[in-house]
Amino acid sequence: MATIIWRSLTLAYRQGVFIPLSSSLIAGSLILTPILIVLFQSLTTTRLATFVGFTTENYLRVFTDPEILPMLSNSLVYATGSATLGTVIGGLLAWIVARTNTPGKALVELMPLYPLLMPPIMKNIAWILLLAPKSGILNNMLREGLGIEEQVFNAFSLPAMIWVFGLACVPLGYLFLLPVFLSFDPSLEESAYIAGSRPMNTMVRITFPLALPAFLSTFILNFLRALRSFETPVLQGSPAGINVFVAKVYDSMAIEYNSGLATAYSTLLIALSIAVLWFYVRTTRFSERYATITGKGYRVRVIDIGRWRYVTFFAVFGYFLLGIAAPFAVLIVVSLIPYYDYETFIGFFARMDLSNYHRVLNHPSFVTGLYNSLTLSLATAVVTVMAGIVMAFTIHRTRVYGSKLFEFIGTMPLAFPPLVLAVGLVLVFIRTPLYNSLWALGAGLFVAYFPYALRNASGAIVNIHKELDEAAWVHGARWRHVFFKVTLPLLKPSVAGALFYIFIEAIRNIDVAVLLSAPGSEYGPVTLFDYFRVGQWGEAAAGGVIYLLILIVAVSAAKFVFDVKFSL
Amino acid sequence: MRRKILLAIAIFVTCVFMSLGATAHAAAADDAYNKASSALYAKAKQEGELIVYSVWDVEHIVAILQGFSKKYPGIKTTYWQGRNPEIVTRTINEFRANRPSVDAILSDNAPPVLRAAGAILPYETVQKEALLIHDSTMPVVSLQIQALTYNTKRIKAADLPHSWEDVAKPKYKGMVALDDPMRAGPLSTQLAAFRDSWNDEARWTAFVKGLKALNVPVHRSTSAMFRLVIAGEYAIAMPALLHDVMNEKEKGTPVEYIRTATPVVFPRYAAVYAKAPHPNAAKLLTEWLISPDGQATLDSVGREASRKGFPSKTSIENAYGAGTQPIAVHDKLFMEDPTKWLDTHVKPIWGGK
């Protein structure tokens, strides 16, 4: 290993790409160290918290567990369904915003972003209240309004799980695909129009196939997110007897307190991640095929889709309604009533009061937690996105031996359920002075969100033809000129999307933050999640409404008052 | 008639003796607390600090630490809050790394696991006489009380089950929501308690089989399950926690608990960490939590008291009537290795996931 690294560094020095390679090695080491530590731990046995010896018992248990196959099969259906739904709708929204003359441009740009602001667990609870068979709002409305006695909707089913998590996957699809559609060279589409192709036909046969690497990259992210997601399967799957594989990982931690066994179970997720990444690398190995930004100059061209523009407007608005407006409305009502049942929900005017809001705002850590997380999340987002771009540059733009390995290393944290990854991070820092400091927490957040930065940059960089860099190299430019003057400006739209996404995700991080934050320093709106965890849905909804309103006002003000471009 | 009068007198006399006994125990415990706390406070003041890890809500921890600081000024308090797996993971790793990171751990499931790993300093409270459940190495400062709960809009009084065992009858199929018995949650705790208490394997097995035969939804989140019972999705929660039920009843929520179903209790500990940097402050906290002042603070945030005869809305006496004997969990294997216990006893009947 040391020889490979030394050889790569020597070669990189000769090629003038020593800095990006060494930066990627540092980022890669930070990511790989906690992973290797938990993998090592999974092969050891302890007694009274001290190391005793090596064992393969954890792996034997995993591979002889008869419950695994059906659970894995549920997981695959759930993850594939959610990731497909999220990526396809996200892609369609991105295409509508970037390439069509849909009316209400400013609003249409923002509408797909708002659902990202709502934490997934809040969506889960809102959708359970909407779709529950007996007590759900929609089934009761159908019964009272149309006399339909049959329970049409069922929150506790696989389709409902896919629907809810799929909707949660849309913003990532939108944010990561928008820059790709914005940076398209329209000459290929123009050729199609000249040959008589209609706009929709061109979209399906030319535009979308060219965006394949970015689609695949986003799909992989959403697939891995769904595979390790826990709230939706626990809240909606368990009551229907639909158990997913990741429950095994959580049980190992929550019942047996055995992080070694949890890691052993996670290795199946790692194997799956490597398989999907290998598929991605194979599919995009001739990346020039997908390059749409070339040296011939490019300009974004908006397509006139005629009367379809009203359809596309309503498609975006429809997503806005389902993605945030409907669940948000449910949460607002729930936050104003003493308890939820259909009767109280419908007659909420008579029962409403502000006691839940009063309690949340007087909570000792609500404001401080939110404030503390803002600065750290911003710093984490900037550092992570920059490191992701540098690593993607190393993978796709240098000829360094073994650089493709970074693709796997950088995506690996996604294969680990957050609690397992957090244990690895604790073990990295626990014997250093950094433990219980903001530096350790920042590093933890960096590792947790690095895959998003890398996949985003990787998907986008493939769309930029190498000839642009090569022209710079030929003219004697050093790597920093190529990176800062050629690659980075062309990646600007992707940078904005990834920054926004990672910032929002990091603000509400719980799993990594909880183990790495020091006593006495709250991080994130922990209060909000505490209320959900202990089942106080009224207070949780009130906290969620306040939290969402702050973010919606901030995002809208940034867009309309300060003209901040999140993705354009 | 005469027989009834004699029975009433007998019950009255028993209650009087019991309350006199409890009062005597309480007085002895108070004396012991006063002596121990002044000695501990002097040392704790020198230590100057107290770090607490807890599974309880932040609001509750803050109220508890404020109460403690008011009684014992001069000791700076800090807390960190997480779930049981996070508390165990964090503390065990800190213990392995030899870090003097925490003093006291307030939790239910985490302390027995940490004790089994050697990360707990054994400490026996001086107020043990006053406690409903006593553990000689980790003071029990509060109780988790399970109540058989139902939605008053969804089931008529005449149709209600009278005991936990009644719930397993086929007539409740489609009405009950069960906590997952194959995870370390309230229902598995209850099963461990019944197995000990009944000491009748055939009866216990029939009960578990009856629950399984209901073929009803099984929830891995007890709090979400309770919300769905309130929403009217299910009629009966098997089980709910008494303090949740009491809080909801105060809000006018349509829930009620069945008084004839004996409450099941599980201890909530204040354990002292083996490498505590401020062990005297930790011991003082545990003693104060058991004292009438500490129990009143716990009661004010809705936590159940662990002290015998403590007047509280969530006390067993108040909720179930004087003389009610709760069923407690004593099974050591369940407390320290719930998976092994579940695999040995429940899994053969319930099956896998």
# chains A, B, ... in the order shown; residues from 1 in each chain; ligands from 1
call {"tool": "select_by_dssp", "arguments": {"residues": "region 135-268 of chain B", "states": "alpha helix (DSSP H)", "output": "MDAnalysis selection string"}}
result
chainID B and resid 186:198 201:214 222:231 242:251
call {"tool": "write_last_selection", "arguments": {"atoms": "C-alpha atoms", "output": "PDB file, in the first residue's frame"}}
result
ATOM      1  CA  PRO B 186     -41.513  -2.236  27.176  1.00  0.00           C
ATOM      2  CA  LEU B 187     -43.250  -5.446  26.055  1.00  0.00           C
ATOM      3  CA  SER B 188     -40.149  -7.621  26.366  1.00  0.00           C
ATOM      4  CA  THR B 189     -39.554  -6.036  29.795  1.00  0.00           C
ATOM      5  CA  GLN B 190     -43.085  -7.022  30.714  1.00  0.00           C
ATOM      6  CA  LEU B 191     -42.579 -10.568  29.477  1.00  0.00           C
ATOM      7  CA  ALA B 192     -39.404 -10.865  31.573  1.00  0.00           C
ATOM      8  CA  ALA B 193     -41.283  -9.562  34.615  1.00  0.00           C
ATOM      9  CA  PHE B 194     -44.244 -11.958  34.143  1.00  0.00           C
ATOM     10  CA  ARG B 195     -41.992 -14.959  33.629  1.00  0.00           C
ATOM     11  CA  ASP B 196     -40.339 -14.283  36.984  1.00  0.00           C
ATOM     12  CA  SER B 197     -43.476 -13.294  38.799  1.00  0.00           C
ATOM     13  CA  TRP B 198     -45.750 -16.092  37.580  1.00  0.00           C
ATOM     14  CA  GLU B 201     -43.782 -21.645  32.243  1.00  0.00           C
ATOM     15  CA  ALA B 202     -46.987 -23.091  30.720  1.00  0.00           C
ATOM     16  CA  ARG B 203     -49.037 -20.015  31.627  1.00  0.00           C
ATOM     17  CA  TRP B 204     -46.326 -17.677  30.349  1.00  0.00           C
ATOM     18  CA  THR B 205     -45.938 -19.597  27.087  1.00  0.00           C
ATOM     19  CA  ALA B 206     -49.709 -19.570  26.544  1.00  0.00           C
ATOM     20  CA  PHE B 207     -49.706 -15.805  27.061  1.00  0.00           C
ATOM     21  CA  VAL B 208     -46.951 -15.211  24.482  1.00  0.00           C
ATOM     22  CA  LYS B 209     -48.620 -17.624  22.043  1.00  0.00           C
ATOM     23  CA  GLY B 210     -51.933 -15.814  22.559  1.00  0.00           C
ATOM     24  CA  LEU B 211     -50.326 -12.469  21.723  1.00  0.00           C
ATOM     25  CA  LYS B 212     -48.691 -13.965  18.647  1.00  0.00           C
ATOM     26  CA  ALA B 213     -52.015 -15.458  17.516  1.00  0.00           C
ATOM     27  CA  LEU B 214     -53.613 -12.003  17.506  1.00  0.00           C
ATOM     28  CA  THR B 222     -43.524   2.686  21.547  1.00  0.00           C
ATOM     29  CA  SER B 223     -44.061   6.437  21.469  1.00  0.00           C
ATOM     30  CA  ALA B 224     -45.400   6.353  17.884  1.00  0.00           C
ATOM     31  CA  MET B 225     -47.630   3.408  18.826  1.00  0.00           C
ATOM     32  CA  PHE B 226     -49.097   5.354  21.754  1.00  0.00           C
ATOM     33  CA  ARG B 227     -49.800   8.312  19.425  1.00  0.00           C
ATOM     34  CA  LEU B 228     -51.628   5.994  17.042  1.00  0.00           C
ATOM     35  CA  VAL B 229     -53.771   4.694  19.904  1.00  0.00           C
ATOM     36  CA  ILE B 230     -54.665   8.294  20.784  1.00  0.00           C
ATOM     37  CA  ALA B 231     -55.388   8.976  17.097  1.00  0.00           C
ATOM     38  CA  LEU B 242     -48.052   5.600  33.096  1.00  0.00           C
ATOM     39  CA  HIS B 243     -46.527   9.088  33.087  1.00  0.00           C
ATOM     40  CA  ASP B 244     -47.437   9.486  29.388  1.00  0.00           C
ATOM     41  CA  VAL B 245     -51.014   8.414  30.093  1.00  0.00           C
ATOM     42  CA  MET B 246     -51.320  10.803  33.046  1.00  0.00           C
ATOM     43  CA  ASN B 247     -49.919  13.712  31.013  1.00  0.00           C
ATOM     44  CA  GLU B 248     -52.332  13.006  28.165  1.00  0.00           C
ATOM     45  CA  LYS B 249     -55.304  12.676  30.494  1.00  0.00           C
ATOM     46  CA  GLU B 250     -54.547  16.155  31.845  1.00  0.00           C
ATOM     47  CA  LYS B 251     -54.783  17.516  28.296  1.00  0.00           C
TER      48      LYS B 251
END
call {"tool": "interface_residues", "arguments": {"of": "chain B", "to": "chain A", "cutoff": "7 Å", "atoms": "only C-alpha atoms", "output": "ChimeraX atom specification"}}
result
/B:57,59,78-80,82,85-86,88,90,92,96-97,116-118,183-184,217-221,223-224,227,230-233,251,253,337-339,352-353
call {"tool": "atom_distance", "arguments": {"atom1": "CA of Ala281 (chain B)", "atom2": "CA of Leu50 (chain B)"}}
result
5.9 Å
call {"tool": "residues_around", "arguments": {"residues": "Pro418 (chain A)", "least_positions_apart": "3", "cutoff": "12 Å", "atoms": "only C-alpha atoms", "output": "short mmCIF file (atom, residue, chain, number, x, y, z; two decimals) with C-alpha atoms, in the first residue's frame"}}
result
data_model
loop_
_atom_site.label_atom_id
_atom_site.label_comp_id
_atom_site.auth_asym_id
_atom_site.auth_seq_id
_atom_site.Cartn_x
_atom_site.Cartn_y
_atom_site.Cartn_z
CA PRO A 34 -12.92 5.42 11.20
CA ILE A 35 -14.10 2.81 8.71
CA ARG A 225 -29.57 6.69 1.57
CA ARG A 228 -29.62 2.66 5.38
CA SER A 229 -32.64 4.81 6.24
CA PHE A 230 -34.27 3.74 9.45
CA VAL A 246 -30.76 -2.07 8.39
CA VAL A 249 -27.62 -3.16 12.28
CA TYR A 250 -29.62 -0.99 14.66
CA MET A 253 -26.34 -1.45 18.56
CA SER A 259 -20.80 -2.22 17.43
CA ALA A 262 -23.34 -3.92 13.69
CA THR A 263 -20.24 -3.40 11.55
CA SER A 266 -22.86 -3.26 7.60
CA MET A 412 -17.92 4.48 1.52
CA PRO A 413 -19.33 6.46 4.49
CA LEU A 414 -22.73 6.16 2.83
CA ALA A 415 -22.62 2.40 3.27
CA LEU A 421 -19.86 5.53 11.45
CA ALA A 422 -20.13 7.74 14.53
CA VAL A 423 -18.57 4.99 16.67
CA GLY A 424 -15.60 4.87 14.29
CA LEU A 425 -15.23 8.63 14.52
CA GLY A 444 -17.22 13.91 11.81
CA LEU A 445 -19.67 15.95 9.77
CA VAL A 447 -16.81 12.38 6.79
CA ALA A 448 -20.58 11.89 6.98
CA TYR A 449 -21.36 14.29 4.11
CA ASN A 509 -27.53 16.09 11.94
CA ILE A 510 -28.14 14.07 15.05
CA ASP A 511 -26.35 10.73 14.77
CA VAL A 512 -22.80 11.99 14.35
CA ALA A 513 -23.30 15.12 16.45
CA VAL A 514 -24.72 13.26 19.43
CA LEU A 515 -21.58 11.18 19.99
CA GLU B 86 -25.45 6.20 22.45
#
call {"tool": "atom_distance", "arguments": {"atom1": "CA of Tyr257 (chain B)", "atom2": "CA of Tyr150 (chain B)"}}
result
6.2 Å
call {"tool": "residues_around", "arguments": {"residues": "region 312-316 of chain B", "least_positions_apart": "6", "cutoff": "9 Å", "atoms": "only C-alpha atoms", "output": "ChimeraX atom specification"}}
result
/B:145,242-243,246,263,296,299,302-306,322-326
